[in-house]
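> Encoded as structure tokens, here's the structure I'll be asking about.
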Amino acid sequence: MRPPALGAVYIHPVKSLAARAADEAVVEPWGLDGDRRWMLIDIANKVVTQRQRPEMARLSADHLPGGAVVLSAHGSPSLRVEVPEPVRTVVAELHRDKVEVVVAAGAAHAWLGARLGAEVRLVHLDAPSHRRPVDPEFGRPGETVSLADGYPLLLTTRASLDALNSLVARGDHPDEGPLPMDRFRPNVVVDGTAPWAEDGWRRIAIGEVAFRVVKPCGRCVVTTTDQRTAERGKEPLRTLAVHRRVGRHLLFGQNLVPEGTGTIRVGDPVRVLG
């Protein structure tokens, strides 16, 4: 087996839209540069994700230098959205958290609403002071996260996906596999490990950047959504419920908090520090 290495990096410029692969990424204290700095909210200022609207998977956003994004959808003209000036802010509800965000230009709302068939607004997280604290049960004072669900980065491993797909193939819905990694929406994918090795990690280094491995990731209905067609099935939740259940949580992947900053690159060695 080859030594563990960083096999893939993914950035999600707009929360719950399609992921974008990258050769490298800058690690900031609250996540990868450009990852989940934008999100959609509804008329009640609550976050809108693939949980409610799986068709979001078919929309994409490209991160531009300076923080702007280009929204794209198959068969539609793209739309460039600049980072809005912080003159119109709202307090949005992101799961159990409240976060102050800046409202984008109206053209972005119209573009997204036309493709989702819903009244939504695009918002941006601007100042570092608006970052949310990491869950205090697992985080440390001063640790923050952008618009990701709970933690700055999500890690998965190729070997664990292969093991999960083997279980899916022997289950009640083998026709739904093998599942691609994009179902799990990770930031970093590690190659060259044993299946489920990440369960025992407490600290790792990717290249020269160290991370705390704070807790396993409990999975939701988004993992059952085909990221290309937006259709939903039963897997992997049915298989995770049998083989990877801890209490009410169905586990795949690990949440990370950076211990420093720097640039990580595909091919970087991954070292287990504890």
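Within each chain, counting starts at residue 1; across the structure tokens, chains are named A, B, ... in the order shown, with ligands numbered 1 upward in that order.
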Env of segment 224-241 of chain A: 6 Å cut, atoms = only C-alpha atoms, seq-sep filter 2 positions within chain, self excluded. Answer as a list in words.

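Answer for this query is Pro54, Glu55, Ala57, Val221, Val222, His243, Arg244, Arg245 and Leu250 of chain A.
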
> Name the residues in contact with Phe252 of chain A at a cut-off of 12 Å, using only C-alpha atoms, excluding same-chain residues fewer than 3 positions from it; report them as a PyMOL selection string.

chain A and resi 154-161+163-164+181+183-186+195-199+215-220+223+236-237+239-241+243-246+249+255

> Store the residues picked out above, limited to N, CA, C and O atoms, as a compact mmCIF listing (two decimals), in the first residue's frame.


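Okay, again-v2.txt is ready:
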# COMPACT_ATOMS: atom_id res chain seq x y z
N LEU A 154 -14.25 18.82 5.98
CA LEU A 154 -14.70 17.43 6.07
C LEU A 154 -13.73 16.55 5.29
O LEU A 154 -13.42 16.84 4.13
N LEU A 155 -13.27 15.49 5.93
CA LEU A 155 -12.34 14.54 5.34
C LEU A 155 -13.02 13.21 5.12
O LEU A 155 -13.78 12.73 5.97
N THR A 156 -12.75 12.60 3.96
CA THR A 156 -13.13 11.22 3.70
C THR A 156 -11.92 10.48 3.15
O THR A 156 -10.92 11.09 2.80
N THR A 157 -12.02 9.15 3.10
CA THR A 157 -10.93 8.35 2.52
C THR A 157 -11.48 7.45 1.43
O THR A 157 -12.63 6.99 1.48
N ARG A 158 -10.64 7.24 0.43
CA ARG A 158 -11.04 6.42 -0.71
C ARG A 158 -11.32 4.98 -0.27
O ARG A 158 -12.27 4.34 -0.74
N ALA A 159 -10.49 4.46 0.64
CA ALA A 159 -10.65 3.06 1.06
C ALA A 159 -11.97 2.85 1.78
O ALA A 159 -12.61 1.80 1.62
N SER A 160 -12.40 3.82 2.57
CA SER A 160 -13.68 3.67 3.28
C SER A 160 -14.85 3.73 2.31
O SER A 160 -15.84 3.00 2.49
N LEU A 161 -14.75 4.55 1.27
CA LEU A 161 -15.80 4.55 0.26
C LEU A 161 -15.85 3.21 -0.46
O LEU A 161 -16.94 2.67 -0.71
N ALA A 163 -15.01 0.34 0.77
CA ALA A 163 -15.59 -0.62 1.71
C ALA A 163 -17.11 -0.42 1.81
O ALA A 163 -17.87 -1.40 1.84
N LEU A 164 -17.54 0.82 1.84
CA LEU A 164 -18.98 1.08 1.90
C LEU A 164 -19.66 0.59 0.64
O LEU A 164 -20.74 -0.03 0.70
N MET A 181 -17.80 9.63 -4.69
CA MET A 181 -17.43 10.41 -3.50
C MET A 181 -18.22 11.69 -3.38
O MET A 181 -18.42 12.20 -2.26
N ARG A 183 -21.22 12.25 -3.36
CA ARG A 183 -22.40 12.14 -2.50
C ARG A 183 -22.13 12.68 -1.09
O ARG A 183 -23.04 13.11 -0.40
N PHE A 184 -20.86 12.61 -0.67
CA PHE A 184 -20.51 12.93 0.71
C PHE A 184 -19.95 14.34 0.87
O PHE A 184 -19.66 14.77 1.97
N ARG A 185 -19.76 15.05 -0.24
CA ARG A 185 -19.41 16.46 -0.25
C ARG A 185 -18.22 16.79 0.66
O ARG A 185 -18.28 17.71 1.48
N PRO A 186 -17.10 16.06 0.50
CA PRO A 186 -15.94 16.33 1.34
C PRO A 186 -15.14 17.52 0.83
O PRO A 186 -15.31 17.98 -0.31
N PRO A 195 -9.40 0.71 5.11
CA PRO A 195 -10.78 1.14 5.32
C PRO A 195 -11.03 1.53 6.77
O PRO A 195 -10.60 0.84 7.70
N TRP A 196 -11.69 2.66 6.95
CA TRP A 196 -12.10 3.18 8.25
C TRP A 196 -10.92 3.54 9.15
O TRP A 196 -11.11 3.76 10.35
N ALA A 197 -9.72 3.65 8.60
CA ALA A 197 -8.57 4.04 9.42
C ALA A 197 -8.79 5.39 10.08
O ALA A 197 -8.33 5.64 11.20
N GLU A 198 -9.52 6.27 9.40
CA GLU A 198 -9.73 7.63 9.92
C GLU A 198 -10.50 7.65 11.23
O GLU A 198 -10.46 8.64 11.96
N ASP A 199 -11.20 6.56 11.56
CA ASP A 199 -11.92 6.50 12.82
C ASP A 199 -10.98 6.63 14.02
O ASP A 199 -11.40 7.08 15.10
N LYS A 215 -14.46 14.94 15.26
CA LYS A 215 -15.57 13.99 15.45
C LYS A 215 -15.98 13.41 14.11
O LYS A 215 -15.79 14.03 13.06
N PRO A 216 -16.59 12.21 14.14
CA PRO A 216 -17.13 11.66 12.88
C PRO A 216 -18.29 12.51 12.38
O PRO A 216 -18.95 13.22 13.15
N CYS A 217 -18.54 12.41 11.09
CA CYS A 217 -19.62 13.18 10.46
C CYS A 217 -20.88 12.33 10.38
O CYS A 217 -20.89 11.27 9.76
N GLY A 218 -21.95 12.80 11.01
CA GLY A 218 -23.25 12.17 10.88
C GLY A 218 -23.89 12.57 9.56
O GLY A 218 -23.95 13.76 9.24
N ARG A 219 -24.38 11.59 8.81
CA ARG A 219 -24.85 11.86 7.45
C ARG A 219 -26.35 12.05 7.39
O ARG A 219 -27.11 11.51 8.21
N CYS A 220 -26.79 12.79 6.34
CA CYS A 220 -28.20 13.13 6.18
C CYS A 220 -28.68 12.72 4.80
O CYS A 220 -27.96 12.08 4.03
N THR A 223 -26.83 12.71 1.14
CA THR A 223 -26.00 11.62 0.61
C THR A 223 -26.78 10.68 -0.30
O THR A 223 -26.17 9.93 -1.07
N PRO A 236 -26.62 6.02 0.56
CA PRO A 236 -26.00 5.04 1.45
C PRO A 236 -26.63 4.93 2.83
O PRO A 236 -26.14 4.18 3.68
N LEU A 237 -27.71 5.69 3.11
CA LEU A 237 -28.23 5.72 4.47
C LEU A 237 -28.70 4.36 4.95
O LEU A 237 -28.51 4.00 6.12
N THR A 239 -27.49 1.41 4.17
CA THR A 239 -26.33 0.59 4.53
C THR A 239 -25.61 1.17 5.75
O THR A 239 -25.17 0.42 6.63
N LEU A 240 -25.48 2.49 5.81
CA LEU A 240 -24.85 3.08 6.99
C LEU A 240 -25.64 2.78 8.26
O LEU A 240 -25.05 2.59 9.34
N ALA A 241 -26.96 2.71 8.15
CA ALA A 241 -27.78 2.41 9.32
C ALA A 241 -27.50 1.02 9.87
O ALA A 241 -27.64 0.78 11.07
N HIS A 243 -24.42 -0.70 9.30
CA HIS A 243 -23.00 -0.94 9.58
C HIS A 243 -22.27 0.21 10.25
O HIS A 243 -21.18 -0.01 10.80
N ARG A 244 -22.83 1.42 10.22
CA ARG A 244 -22.08 2.57 10.73
C ARG A 244 -22.96 3.47 11.60
O ARG A 244 -22.83 4.69 11.58
N ARG A 245 -23.81 2.86 12.38
CA ARG A 245 -24.70 3.62 13.26
C ARG A 245 -24.08 3.72 14.65
O ARG A 245 -23.66 2.72 15.23
N VAL A 246 -24.07 4.92 15.19
CA VAL A 246 -23.72 5.16 16.58
C VAL A 246 -24.82 6.03 17.16
O VAL A 246 -24.94 7.21 16.81
N HIS A 249 -26.85 8.55 14.92
CA HIS A 249 -26.01 9.08 13.85
C HIS A 249 -25.51 7.97 12.93
O HIS A 249 -25.08 6.90 13.39
N ASN A 255 -14.77 15.24 10.70
CA ASN A 255 -14.70 16.69 10.70
C ASN A 255 -13.34 17.15 11.21
O ASN A 255 -12.81 16.60 12.18

> With distances taken over only C-alpha atoms, which residue among A:Val214, A:Leu251, A:Val103, A:Val27 lies nearest Pro136 of chain A?

A:Val214

> Of the candidates A:Leu64, A:Val189, A:Leu116, A:Leu125, which shows the shortest atom-to-atom distance to Val145 of chain A, using only C-alpha atoms?

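The shortest atom-to-atom distance to Val145 of chain A comes from A:Leu125.
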
> Apply DSSP to the backbone of this structure and, from segment 5-252 of chain A, keep only the residues in alpha helix (DSSP H); write these as a PyMOL selection string.

chain A and resi 106-116+158-169+237-243

> Segment 125-191 of chain A near segment 32-48 of chain A within 10 Å: what's each residue's closest atom pair and its distance in Å to one decimal, counting only C-alpha atoms, ordered by chain then ascending residue number, as JSON lines?


{"residue": "A:Leu125", "atom": "CA", "partner": "A:Arg37", "partner_atom": "CA", "distance": 5.4}
{"residue": "A:Asp126", "atom": "CA", "partner": "A:Arg37", "partner_atom": "CA", "distance": 7.7}
{"residue": "A:Arg131", "atom": "CA", "partner": "A:Arg37", "partner_atom": "CA", "distance": 9.9}
{"residue": "A:Val145", "atom": "CA", "partner": "A:Arg36", "partner_atom": "CA", "distance": 9.7}
{"residue": "A:Ser146", "atom": "CA", "partner": "A:Arg37", "partner_atom": "CA", "distance": 6.4}
{"residue": "A:Leu147", "atom": "CA", "partner": "A:Arg36", "partner_atom": "CA", "distance": 5.2}
{"residue": "A:Ala148", "atom": "CA", "partner": "A:Arg36", "partner_atom": "CA", "distance": 5.9}
{"residue": "A:Asp149", "atom": "CA", "partner": "A:Arg36", "partner_atom": "CA", "distance": 9.5}
{"residue": "A:Pro152", "atom": "CA", "partner": "A:Leu32", "partner_atom": "CA", "distance": 7.4}
{"residue": "A:Leu153", "atom": "CA", "partner": "A:Leu32", "partner_atom": "CA", "distance": 7.3}
{"residue": "A:Asn187", "atom": "CA", "partner": "A:Leu32", "partner_atom": "CA", "distance": 8.0}
{"residue": "A:Val188", "atom": "CA", "partner": "A:Leu32", "partner_atom": "CA", "distance": 9.9}

> Go ahead and compute the interatomic distance for atom CA of Gly67 of chain A and atom CA of Val134 of chain A, in Å to one decimal.

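About the pair atom CA of Gly67 of chain A and atom CA of Val134 of chain A: they are 22.7 Å apart.
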
> Figure out the distance between atom CA of His12 of chain A and atom CA of Asp175 of chain A, please, to one decimal in Å.

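Atom-to-atom, atom CA of Asp175 of chain A to atom CA of His12 of chain A, that is 28.1 Å.
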
> Apply DSSP to the backbone of this structure and, from segment 124-215 of chain A, keep only the residues in strand (DSSP E or B); write these as a list of chain:residue names.

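Of segment 124-215 of chain A, only A:His124, A:Arg132, A:Pro133, A:Thr144, A:Val145, A:Leu153, A:Leu154, A:Leu155, A:Thr156, A:Thr157, A:Val188, A:Val189, A:Val190, A:Asp191, A:Arg203, A:Ile204, A:Ala205, A:Ile206, A:Val209, A:Ala210, A:Phe211, A:Arg212, A:Val213, A:Val214, A:Lys215 fall in strand (DSSP E or B).
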
> Save out the residues we just selected, C-alpha atoms, as a JSON list (two decimals), in the first residue's frame.


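Dumped to result.json:
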[["chain", "number", "residue", "atom", "x", "y", "z"],
["A", 124, "HIS", "CA", -22.47, 36.16, 1.51],
["A", 132, "ARG", "CA", -19.76, 31.15, 13.75],
["A", 133, "PRO", "CA", -18.14, 29.39, 16.71],
["A", 144, "THR", "CA", -14.80, 29.36, 14.03],
["A", 145, "VAL", "CA", -16.45, 28.06, 10.87],
["A", 153, "LEU", "CA", -13.34, 20.90, 6.79],
["A", 154, "LEU", "CA", -14.70, 17.43, 6.07],
["A", 155, "LEU", "CA", -12.34, 14.54, 5.34],
["A", 156, "THR", "CA", -13.13, 11.22, 3.70],
["A", 157, "THR", "CA", -10.93, 8.35, 2.52],
["A", 188, "VAL", "CA", -10.31, 16.57, 1.32],
["A", 189, "VAL", "CA", -10.07, 12.93, 0.22],
["A", 190, "VAL", "CA", -7.18, 10.80, 1.43],
["A", 191, "ASP", "CA", -5.81, 7.88, -0.59],
["A", 203, "ARG", "CA", -4.48, 14.73, 14.69],
["A", 204, "ILE", "CA", -3.14, 14.66, 11.15],
["A", 205, "ALA", "CA", -0.97, 16.77, 8.89],
["A", 206, "ILE", "CA", -1.69, 17.33, 5.20],
["A", 209, "VAL", "CA", -0.76, 22.01, 7.76],
["A", 210, "ALA", "CA", -1.90, 20.24, 10.93],
["A", 211, "PHE", "CA", -5.54, 19.51, 11.77],
["A", 212, "ARG", "CA", -7.47, 18.20, 14.74],
["A", 213, "VAL", "CA", -9.83, 15.36, 13.88],
["A", 214, "VAL", "CA", -12.70, 16.40, 16.11],
["A", 215, "LYS", "CA", -15.57, 13.99, 15.45]]

> So what do you get for atom CA of Lys98 of chain A versus atom CA of Ala25 of chain A, distance-wise?

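Between these atoms lies a distance of 27.3 Å.
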
> Between A:Arg58, A:His63, A:Arg20, A:His130, single out the one closest to Ala92 of chain A, counting only C-alpha atoms.

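For Ala92 of chain A, the nearest of the given residues is A:His130.
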
> Restricting the calculation to only C-alpha atoms, which member of A:Val26, A:Gly150, A:Thr263, A:Met56 is positioned closest to Gly113 of chain A?

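For Gly113 of chain A, the nearest of the given residues is A:Met56.
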